[in-house]
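What follows is the content of target-v6.txt, which has compact mmCIF, C-alpha atoms and all ligand atoms:
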# COMPACT_ATOMS: atom_id res chain seq x y z
CA MET A 342 82.07 119.23 46.79
CA SER A 343 84.89 121.16 48.39
CA ASP A 344 87.99 122.23 46.52
CA ASN A 345 89.91 119.19 47.73
CA GLY A 346 87.28 116.89 46.25
CA LEU A 347 85.76 115.83 49.55
CA SER A 348 82.13 116.31 50.36
CA PHE A 349 81.46 118.32 53.48
CA THR A 350 78.45 118.58 55.73
CA LEU A 351 78.42 121.21 58.41
CA SER A 352 77.31 120.13 61.82
CA THR A 353 74.56 122.15 63.42
CA SER A 354 75.26 121.67 67.09
CA PRO A 355 78.56 122.37 68.80
CA SER A 356 80.23 119.92 71.16
CA GLN A 357 78.38 116.86 69.85
CA THR A 358 80.16 113.53 70.01
CA GLY A 359 82.19 112.79 66.91
CA ASN A 360 82.06 109.76 64.62
CA ASN A 361 84.42 107.61 66.67
CA GLY A 362 82.42 108.20 69.85
CA GLU A 363 85.39 109.88 71.52
CA SER A 364 86.01 113.12 69.71
CA LYS A 365 84.19 116.33 70.50
CA HIS A 366 82.83 118.28 67.60
CA GLU A 367 83.09 122.07 67.43
CA LYS A 368 82.04 124.52 64.79
CA VAL A 369 85.18 126.63 65.22
CA ILE A 370 88.37 125.74 67.03
CA ILE A 371 90.99 128.40 67.64
CA ILE A 372 94.44 127.02 68.42
CA GLY A 373 96.39 129.48 70.60
CA SER A 374 95.43 132.21 73.07
CA GLY A 375 97.63 135.21 72.21
CA PRO A 376 96.16 138.48 70.94
CA ALA A 377 95.29 136.96 67.52
CA GLY A 378 93.52 133.99 69.11
CA MET A 379 91.73 136.11 71.70
CA THR A 380 90.45 138.44 69.01
CA ALA A 381 89.39 135.57 66.74
CA ALA A 382 87.51 134.19 69.79
CA LEU A 383 85.80 137.54 70.34
CA TYR A 384 84.67 137.90 66.74
CA THR A 385 83.57 134.28 66.23
CA SER A 386 81.71 134.29 69.56
CA ARG A 387 79.91 137.50 68.62
CA ALA A 388 78.99 135.75 65.35
CA LYS A 389 77.36 133.03 67.51
CA LEU A 390 79.81 130.36 66.43
CA ASN A 391 80.50 129.30 70.04
CA PRO A 392 84.27 128.94 69.49
CA LEU A 393 86.53 126.72 71.54
CA VAL A 394 90.02 128.08 72.17
CA ILE A 395 92.67 125.44 72.83
CA ALA A 396 94.84 127.83 74.77
CA GLY A 397 98.24 126.12 74.94
CA HIS A 398 100.43 125.95 78.03
CA GLU A 399 101.42 129.62 77.98
CA PHE A 400 98.06 131.28 78.30
CA GLY A 401 98.00 134.61 76.47
CA GLY A 402 101.21 133.82 74.60
CA GLN A 403 104.27 136.06 74.59
CA VAL A 404 102.33 139.22 75.41
CA ALA A 405 101.37 137.81 78.82
CA LEU A 406 105.07 138.02 79.73
CA THR A 407 105.46 141.63 78.63
CA TYR A 408 105.90 143.98 81.55
CA GLU A 409 104.37 147.04 79.93
CA ILE A 410 102.66 147.72 76.61
CA GLU A 411 102.72 151.34 75.52
CA ASN A 412 101.80 151.04 71.86
CA TYR A 413 98.44 149.31 71.95
CA PRO A 414 95.77 151.91 71.09
CA GLY A 415 93.18 152.80 73.70
CA PHE A 416 95.51 152.61 76.70
CA PRO A 417 97.30 155.98 76.82
CA GLU A 418 98.98 155.19 80.14
CA GLY A 419 100.07 151.71 78.95
CA LEU A 420 99.21 148.46 80.71
CA SER A 421 100.83 145.16 81.55
CA GLY A 422 100.66 142.31 79.06
CA GLN A 423 98.90 140.15 81.64
CA ALA A 424 96.26 142.84 82.22
CA LEU A 425 95.63 143.06 78.47
CA VAL A 426 95.31 139.26 78.20
CA ASP A 427 92.83 139.22 81.10
CA LEU A 428 90.72 141.94 79.47
CA MET A 429 90.76 140.19 76.09
CA GLN A 430 89.74 136.89 77.65
CA ALA A 431 86.90 138.48 79.64
CA GLN A 432 85.63 140.23 76.53
CA ALA A 433 85.60 137.02 74.46
CA GLU A 434 83.99 135.02 77.29
CA ARG A 435 81.27 137.63 77.61
CA PHE A 436 80.03 136.51 74.19
CA GLY A 437 80.38 132.80 74.83
CA ALA A 438 83.95 131.88 73.84
CA ARG A 439 85.23 128.86 75.77
CA PHE A 440 88.85 128.24 76.73
CA GLU A 441 90.50 124.84 77.12
CA THR A 442 93.37 125.89 79.39
CA PHE A 443 96.60 124.01 80.22
CA THR A 444 96.05 122.14 76.97
CA ALA A 445 98.16 122.11 73.82
CA VAL A 446 97.51 120.63 70.41
CA THR A 447 99.87 117.75 69.60
CA LYS A 448 98.72 116.77 66.11
CA VAL A 449 96.28 117.85 63.43
CA ASP A 450 94.76 116.25 60.37
CA PHE A 451 93.67 118.94 57.95
CA THR A 452 94.30 116.92 54.82
CA SER A 453 91.98 113.90 55.16
CA GLY A 454 88.89 116.01 54.58
CA ARG A 455 86.41 117.76 56.80
CA PRO A 456 85.62 118.03 59.60
CA PHE A 457 89.25 118.56 60.59
CA THR A 458 90.71 116.48 63.42
CA ILE A 459 92.80 117.88 66.25
CA TRP A 460 94.53 115.90 69.00
CA ALA A 461 95.39 117.58 72.30
CA ASP A 462 97.59 116.66 75.25
CA ASN A 463 94.56 116.49 77.58
CA GLY A 464 93.82 113.17 75.85
CA GLN A 465 90.89 114.64 73.95
CA THR A 466 90.36 114.47 70.20
CA TYR A 467 88.36 117.25 68.60
CA THR A 468 86.79 117.71 65.21
CA ALA A 469 85.99 121.12 63.78
CA ASP A 470 84.27 122.61 60.75
CA ALA A 471 86.71 125.53 60.69
CA VAL A 472 90.05 126.11 62.41
CA ILE A 473 91.92 129.32 63.14
CA VAL A 474 95.61 128.77 63.85
CA THR A 475 97.11 131.39 66.18
CA VAL A 476 99.93 129.51 67.86
CA GLY A 477 102.46 132.36 67.78
CA ALA A 478 106.23 132.13 67.91
CA THR A 479 109.02 131.17 70.34
CA PRO A 480 112.20 133.09 71.25
CA ARG A 481 115.25 132.01 69.24
CA HIS A 482 118.30 130.50 70.93
CA LEU A 483 121.94 131.45 70.38
CA ASN A 484 122.99 127.79 70.25
CA VAL A 485 126.36 128.40 71.90
CA PRO A 486 128.10 126.23 74.52
CA GLY A 487 126.70 126.87 78.00
CA GLU A 488 123.37 128.30 76.85
CA LYS A 489 121.31 125.19 77.47
CA GLU A 490 123.25 124.22 80.59
CA PHE A 491 122.71 127.61 82.26
CA THR A 492 119.12 128.26 81.18
CA GLY A 493 117.30 129.13 84.39
CA ARG A 494 120.68 129.61 86.12
CA GLY A 495 121.63 132.93 84.60
CA VAL A 496 120.47 132.50 81.01
CA SER A 497 116.99 133.85 80.30
CA TYR A 498 114.71 134.80 77.40
CA CYS A 499 112.33 136.93 79.49
CA GLY A 500 113.31 140.02 81.48
CA THR A 501 109.81 140.39 82.87
CA CYS A 502 109.91 136.85 84.25
CA ASP A 503 113.45 136.77 85.61
CA GLY A 504 114.61 140.38 86.09
CA PHE A 505 113.79 140.29 89.78
CA PHE A 506 116.50 137.65 90.37
CA PHE A 507 119.18 140.04 89.14
CA ARG A 508 118.84 142.80 91.74
CA ASP A 509 122.12 144.69 92.13
CA LYS A 510 123.81 142.42 89.58
CA ASN A 511 125.33 142.95 86.15
CA VAL A 512 123.66 141.43 83.12
CA VAL A 513 124.34 141.13 79.43
CA VAL A 514 121.60 141.54 76.83
CA VAL A 515 122.07 140.04 73.36
CA GLY A 516 120.36 141.62 70.32
CA GLY A 517 119.73 144.97 68.70
CA GLY A 518 115.97 144.88 68.05
CA ASP A 519 112.95 146.28 69.90
CA SER A 520 112.81 143.30 72.27
CA ALA A 521 116.45 143.64 73.33
CA LEU A 522 116.13 147.34 74.12
CA GLU A 523 112.69 147.13 75.69
CA GLU A 524 113.71 144.26 77.93
CA GLY A 525 117.11 145.84 78.57
CA LEU A 526 115.41 149.03 79.79
CA PHE A 527 113.14 146.95 81.99
CA LEU A 528 116.13 145.13 83.48
CA THR A 529 117.64 148.45 84.65
CA ARG A 530 114.98 148.40 87.38
CA PHE A 531 116.84 145.53 89.00
CA ALA A 532 120.32 145.17 87.59
CA THR A 533 123.08 147.64 88.35
CA ARG A 534 124.39 147.47 84.76
CA VAL A 535 122.85 146.23 81.53
CA ASP A 536 125.43 145.70 78.76
CA VAL A 537 123.93 145.21 75.32
CA MET A 538 126.02 143.07 72.96
CA HIS A 539 125.06 143.55 69.34
CA ARG A 540 126.51 141.77 66.33
CA ARG A 541 126.45 144.93 64.17
CA ASN A 542 127.22 148.60 64.86
CA GLU A 543 123.68 149.75 64.14
CA LEU A 544 120.51 148.98 66.09
CA ARG A 545 117.41 147.56 64.46
CA ALA A 546 115.07 148.85 67.20
CA GLY A 547 112.69 151.79 66.70
CA ALA A 548 113.93 155.36 67.25
CA THR A 549 112.13 156.03 70.56
CA LEU A 550 113.48 152.91 72.22
CA GLN A 551 116.96 153.56 70.80
CA GLN A 552 117.00 157.05 72.24
CA ARG A 553 115.89 155.87 75.66
CA ALA A 554 118.36 152.99 75.79
CA LEU A 555 121.36 154.85 74.38
CA ASN A 556 120.83 157.65 76.91
CA HIS A 557 120.23 155.39 79.89
CA GLU A 558 123.02 155.76 82.41
CA GLN A 559 122.87 152.09 83.50
CA MET A 560 123.09 150.78 79.93
CA SER A 561 126.12 150.35 77.70
CA PHE A 562 126.52 149.06 74.14
CA THR A 563 129.25 146.87 72.71
CA TRP A 564 129.13 146.78 68.91
CA ASP A 565 130.13 144.13 66.35
CA THR A 566 130.21 141.57 69.11
CA VAL A 567 128.79 138.09 69.57
CA ILE A 568 128.84 135.61 72.43
CA ASP A 569 130.82 132.44 71.68
CA GLU A 570 130.31 130.75 75.04
CA ILE A 571 128.46 131.18 78.34
CA LYS A 572 130.47 130.11 81.37
CA GLY A 573 129.87 129.54 85.06
CA ASP A 574 129.95 127.09 87.92
CA ASP A 575 126.54 126.71 89.53
CA VAL A 576 125.34 129.86 87.82
CA VAL A 577 126.60 132.07 85.02
CA ASN A 578 129.70 134.13 85.83
CA ALA A 579 131.14 135.11 82.43
CA VAL A 580 130.71 135.11 78.68
CA THR A 581 133.29 134.77 75.94
CA LEU A 582 132.87 137.69 73.55
CA ARG A 583 134.15 137.84 70.00
CA ASN A 584 134.53 140.95 67.90
CA VAL A 585 133.22 139.90 64.49
CA LYS A 586 135.40 142.45 62.67
CA THR A 587 138.75 141.79 64.33
CA GLY A 588 138.16 138.19 65.45
CA GLU A 589 139.50 139.15 68.90
CA THR A 590 137.99 137.20 71.82
CA ARG A 591 137.85 138.09 75.50
CA GLU A 592 136.20 136.91 78.66
CA TYR A 593 133.63 139.28 80.16
CA PRO A 594 132.32 138.76 83.70
CA THR A 595 128.54 138.90 84.14
CA ASP A 596 125.81 137.47 86.35
CA GLY A 597 123.22 136.93 83.68
CA VAL A 598 122.65 136.62 79.94
CA PHE A 599 119.33 137.75 78.47
CA ILE A 600 118.87 136.66 74.87
CA PHE A 601 116.51 138.57 72.54
CA ILE A 602 117.50 137.65 69.00
CA GLY A 603 114.12 137.12 67.37
CA HIS A 604 111.59 134.34 67.21
CA ASP A 605 110.64 131.24 65.27
CA PRO A 606 107.01 130.40 64.43
CA ASN A 607 105.48 127.51 66.38
CA SER A 608 104.44 125.78 63.18
CA ASP A 609 106.14 122.38 63.45
CA ILE A 610 102.91 120.53 64.24
CA PHE A 611 101.53 121.74 60.90
CA GLU A 612 104.35 120.23 58.84
CA GLY A 613 102.87 118.36 55.88
CA GLN A 614 99.49 119.94 56.63
CA LEU A 615 99.84 123.66 56.00
CA ASP A 616 102.11 125.35 53.47
CA ARG A 617 104.93 127.23 55.20
CA ASP A 618 107.63 129.56 53.92
CA GLU A 619 111.39 128.95 54.15
CA PHE A 620 111.41 130.29 57.74
CA GLY A 621 108.48 128.11 58.85
CA TYR A 622 105.81 130.81 58.82
CA VAL A 623 102.38 129.56 57.75
CA ILE A 624 101.49 131.06 54.38
CA THR A 625 98.19 132.95 54.25
CA ASP A 626 96.51 135.17 51.72
CA LYS A 627 94.87 138.55 52.37
CA LEU A 628 91.80 136.80 53.77
CA MET A 629 94.03 134.92 56.24
CA ARG A 630 93.26 131.66 54.41
CA THR A 631 95.85 128.90 54.42
CA ASN A 632 96.26 126.37 51.60
CA ILE A 633 93.54 124.25 53.26
CA GLU A 634 90.03 125.55 52.71
CA GLY A 635 88.43 126.11 56.12
CA VAL A 636 91.74 126.58 57.95
CA PHE A 637 92.79 130.15 58.64
CA ALA A 638 95.87 131.54 60.41
CA ALA A 639 96.63 134.82 62.17
CA GLY A 640 99.28 136.47 64.34
CA GLU A 641 102.94 135.65 64.65
CA VAL A 642 102.71 132.12 63.28
CA GLN A 643 102.11 133.70 59.87
CA ASP A 644 103.50 137.23 60.29
CA ARG A 645 107.22 137.64 59.89
CA ILE A 646 107.09 141.38 59.36
CA TYR A 647 105.02 143.32 61.89
CA ARG A 648 104.65 141.12 64.97
CA GLN A 649 102.83 143.72 67.06
CA VAL A 650 99.91 143.17 69.41
CA ALA A 651 97.90 145.61 67.29
CA THR A 652 98.67 143.78 64.02
CA SER A 653 97.97 140.37 65.55
CA VAL A 654 94.62 141.69 66.78
CA GLY A 655 93.84 142.91 63.25
CA GLN A 656 94.85 139.61 61.69
CA GLY A 657 92.76 137.70 64.27
CA THR A 658 89.78 139.85 63.34
CA ALA A 659 90.29 139.20 59.63
CA ALA A 660 90.71 135.44 60.14
CA ALA A 661 87.54 135.26 62.24
CA MET A 662 85.50 137.23 59.71
CA SER A 663 86.80 135.07 56.88
CA ALA A 664 85.99 131.90 58.82
CA GLU A 665 82.50 133.17 59.60
CA ARG A 666 81.83 134.05 55.94
CA TRP A 667 83.25 130.79 54.72
CA LEU A 668 81.09 128.78 57.15
CA ALA A 669 77.99 130.73 56.06
CA GLU A 670 78.78 129.93 52.41
CA GLN A 671 78.90 126.21 53.22
CA GLU A 672 75.41 126.17 54.72
P1 LIG A 701 114.23 141.32 65.67
O1 LIG A 701 113.65 142.63 65.33
O2 LIG A 701 114.30 140.26 64.62
O3 LIG A 701 115.69 141.59 66.23
C1 LIG A 701 116.54 140.55 66.54
C2 LIG A 701 117.90 141.11 66.88
O4 LIG A 701 118.75 140.05 67.26
C3 LIG A 701 118.55 141.83 65.72
O5 LIG A 701 119.20 143.00 66.17
C4 LIG A 701 119.53 140.80 65.19
O6 LIG A 701 120.69 141.37 64.66
C5 LIG A 701 119.91 140.05 66.45
N1 LIG A 701 120.26 138.66 66.16
C6 LIG A 701 119.56 137.74 65.45
N2 LIG A 701 120.20 136.55 65.46
C7 LIG A 701 121.32 136.71 66.19
C8 LIG A 701 122.36 135.85 66.58
N3 LIG A 701 122.38 134.57 66.23
N4 LIG A 701 123.35 136.36 67.34
C9 LIG A 701 123.33 137.64 67.73
N5 LIG A 701 122.37 138.52 67.41
C10 LIG A 701 121.36 138.04 66.65
O7 LIG A 701 113.49 140.62 66.90
P2 LIG A 701 112.73 141.29 68.14
O8 LIG A 701 113.52 142.37 68.75
O9 LIG A 701 112.32 140.14 68.99
O10 LIG A 701 111.45 141.93 67.49
C11 LIG A 701 110.58 141.11 66.71
C12 LIG A 701 109.42 141.95 66.19
O11 LIG A 701 108.61 142.36 67.27
C13 LIG A 701 109.88 143.22 65.47
O12 LIG A 701 109.01 143.44 64.39
C14 LIG A 701 109.71 144.28 66.51
O13 LIG A 701 109.47 145.55 65.95
C15 LIG A 701 108.52 143.75 67.29
N6 LIG A 701 108.56 144.24 68.69
C16 LIG A 701 108.06 145.48 68.92
C17 LIG A 701 108.08 146.02 70.19
C18 LIG A 701 107.54 147.40 70.42
O14 LIG A 701 107.06 148.00 69.46
N7 LIG A 701 107.58 147.94 71.60
C19 LIG A 701 108.64 145.29 71.24
C20 LIG A 701 109.17 144.03 70.98
C21 LIG A 701 109.13 143.53 69.69
P3 LIG A 701 120.64 142.20 63.27
O15 LIG A 701 120.07 143.54 63.63
O16 LIG A 701 122.07 142.25 62.87
O17 LIG A 701 119.79 141.41 62.34

Render the structure in this file as structure tokens.
Amino acid sequence: MSDNGLSFTLSTSPSQTGNNGESKHEKVIIIGSGPAGMTAALYTSRAKLNPLVIAGHEFGGQVALTYEIENYPGFPEGLSGQALVDLMQAQAERFGARFETFTAVTKVDFTSGRPFTIWADNGQTYTADAVIVTVGATPRHLNVPGEKEFTGRGVSYCGTCDGFFFRDKNVVVVGGGDSALEEGLFLTRFATRVDVMHRRNELRAGATLQQRALNHEQMSFTWDTVIDEIKGDDVVNAVTLRNVKTGETREYPTDGVFIFIGHDPNSDIFEGQLDRDEFGYVITDKLMRTNIEGVFAAGEVQDRIYRQVATSVGQGTAAAMSAERWLAEQE
């Protein structure tokens, strides 16, 4: 008997047809293809568990959109996020990991007993003996007038993706964390001026990035300031700024607004299935176990604190090792 009172028999062969004749059975399913998912795929494939990765529609996750990664060990010259994703995928595939690309999970049933059931938007239903959730997080929105309307027409959440469209233009960056400064520095390659608007008078970003950004001749910083509205005609042409200390508002002309104010975990599909904290992060223990025995989670969907490629890789390793040990115990 399992801890939820349901008996559980492990299947011996992967990819066999499920009970309803339509679902595909897998020993291990990894949901998400960012660094945590890629690493979980590497470790579970090396453990001969023949994992299936349901990759989502943004293959590689947020890191795939990162122009340059300088703090992932082993690459002293740095490398692009896409290059790192390609290497991670190749390494996992070398040991037999399989990737279901252009496919996202729409629904899960972790609470009716095992095997677990997973529905995907390719029309396929899967069952799995163990699941590793690595679905990551999504950039947060400002939720001000004009933001939605001008997304893709001057409003962006990704400098690497859209910087090229702002050659010789002026852009505003919102936020005071690592992402805002890193992306702001990247945008100086294209934009003439990058004006960072931060709601406080102190940056949250790490010291190295701060030093580089504060000393960059194309960058400027406006403190204690938020954006109340994004304006334009066809495309963005101004923002309404408000000083949070004085309450004073003013219109500020700009060609683009890049928003980097943090992320929210992509955990909505697990509502009612997995325990989550007040911010929506999936709750795990030190062994990366969720509240459901046999379901593990790793990376930014459960990590509100570190959110680094290196920490996600470590958490993916831990989740895979825990899943492997747990599966062995069931046999
Ligand atoms: P973050 O560290 O949470 O910073 C978000 C920033 O946006 C903060 O400065 C915050 O202001 C501001 N903010 C939040 N909500 C806002 C709102 N509604 N209006 C205006 N400003 C708002 O997020 P992040 O920069 O995306 O970084 C997330 C994590 O990834 C961090 O742990 C970071 O270290 C890591 N990261 C690391 C690197 C790197 O090492 N190279 C690169 C990117 C990200 P307050 O400061 O006032 O809270």

Report as JSON lines: every residue of chain A with an atom at most 7 Å from ligand LIG 701 (chain A), its closest pair of atoms, and their distance in Å to one decimal, counting only C-alpha atoms and all ligand atoms, with rows sorted by chain and ascending residue number.
{"residue": "A:Asn412", "atom": "CA", "partner": "A:LIG701", "partner_atom": "O14", "distance": 6.5}
{"residue": "A:Leu483", "atom": "CA", "partner": "A:LIG701", "partner_atom": "N3", "distance": 5.2}
{"residue": "A:Val515", "atom": "CA", "partner": "A:LIG701", "partner_atom": "N5", "distance": 6.1}
{"residue": "A:Gly516", "atom": "CA", "partner": "A:LIG701", "partner_atom": "O4", "distance": 3.8}
{"residue": "A:Gly517", "atom": "CA", "partner": "A:LIG701", "partner_atom": "O5", "distance": 3.3}
{"residue": "A:Gly518", "atom": "CA", "partner": "A:LIG701", "partner_atom": "O8", "distance": 3.6}
{"residue": "A:Asp519", "atom": "CA", "partner": "A:LIG701", "partner_atom": "O8", "distance": 4.1}
{"residue": "A:Ser520", "atom": "CA", "partner": "A:LIG701", "partner_atom": "O8", "distance": 3.7}
{"residue": "A:Ala521", "atom": "CA", "partner": "A:LIG701", "partner_atom": "O8", "distance": 5.6}
{"residue": "A:Glu523", "atom": "CA", "partner": "A:LIG701", "partner_atom": "C19", "distance": 6.3}
{"residue": "A:His539", "atom": "CA", "partner": "A:LIG701", "partner_atom": "N5", "distance": 6.0}
{"residue": "A:Arg540", "atom": "CA", "partner": "A:LIG701", "partner_atom": "N5", "distance": 5.4}
{"residue": "A:Arg541", "atom": "CA", "partner": "A:LIG701", "partner_atom": "O16", "distance": 5.3}
{"residue": "A:Leu544", "atom": "CA", "partner": "A:LIG701", "partner_atom": "O15", "distance": 6.0}
{"residue": "A:Arg545", "atom": "CA", "partner": "A:LIG701", "partner_atom": "O15", "distance": 4.9}
{"residue": "A:Ala546", "atom": "CA", "partner": "A:LIG701", "partner_atom": "O13", "distance": 6.6}
{"residue": "A:Val567", "atom": "CA", "partner": "A:LIG701", "partner_atom": "C9", "distance": 5.8}
{"residue": "A:Phe601", "atom": "CA", "partner": "A:LIG701", "partner_atom": "O9", "distance": 5.7}
{"residue": "A:Ile602", "atom": "CA", "partner": "A:LIG701", "partner_atom": "O4", "distance": 3.2}
{"residue": "A:Gly603", "atom": "CA", "partner": "A:LIG701", "partner_atom": "O7", "distance": 3.6}
{"residue": "A:His604", "atom": "CA", "partner": "A:LIG701", "partner_atom": "O9", "distance": 6.1}
{"residue": "A:Ile646", "atom": "CA", "partner": "A:LIG701", "partner_atom": "O12", "distance": 5.8}
{"residue": "A:Tyr647", "atom": "CA", "partner": "A:LIG701", "partner_atom": "O12", "distance": 4.7}
{"residue": "A:Arg648", "atom": "CA", "partner": "A:LIG701", "partner_atom": "O11", "distance": 4.7}
{"residue": "A:Gln649", "atom": "CA", "partner": "A:LIG701", "partner_atom": "C15", "distance": 5.7}

Just want the 7 Å neighbourhood of Ile568 in chain A, counted on only C-alpha atoms, with same-chain residues fewer than 3 positions away dropped. Output as a PyMOL selection string. chain A and resi 580-583

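Picture a line from CA of Asp574 in chain A to CA of Arg591 in chain A; it runs 18.4 Å.
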
Pairwise distance for CA of Thr407 in chain A and CA of Thr501 in chain A, rounded to one decimal in Å: 6.2 Å

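You can rank A:Gly487, A:Gly401, A:Pro417, A:Gly547 by their closest distance to Val576 in chain A using only C-alpha atoms, and at the top of that list sits A:Gly487.
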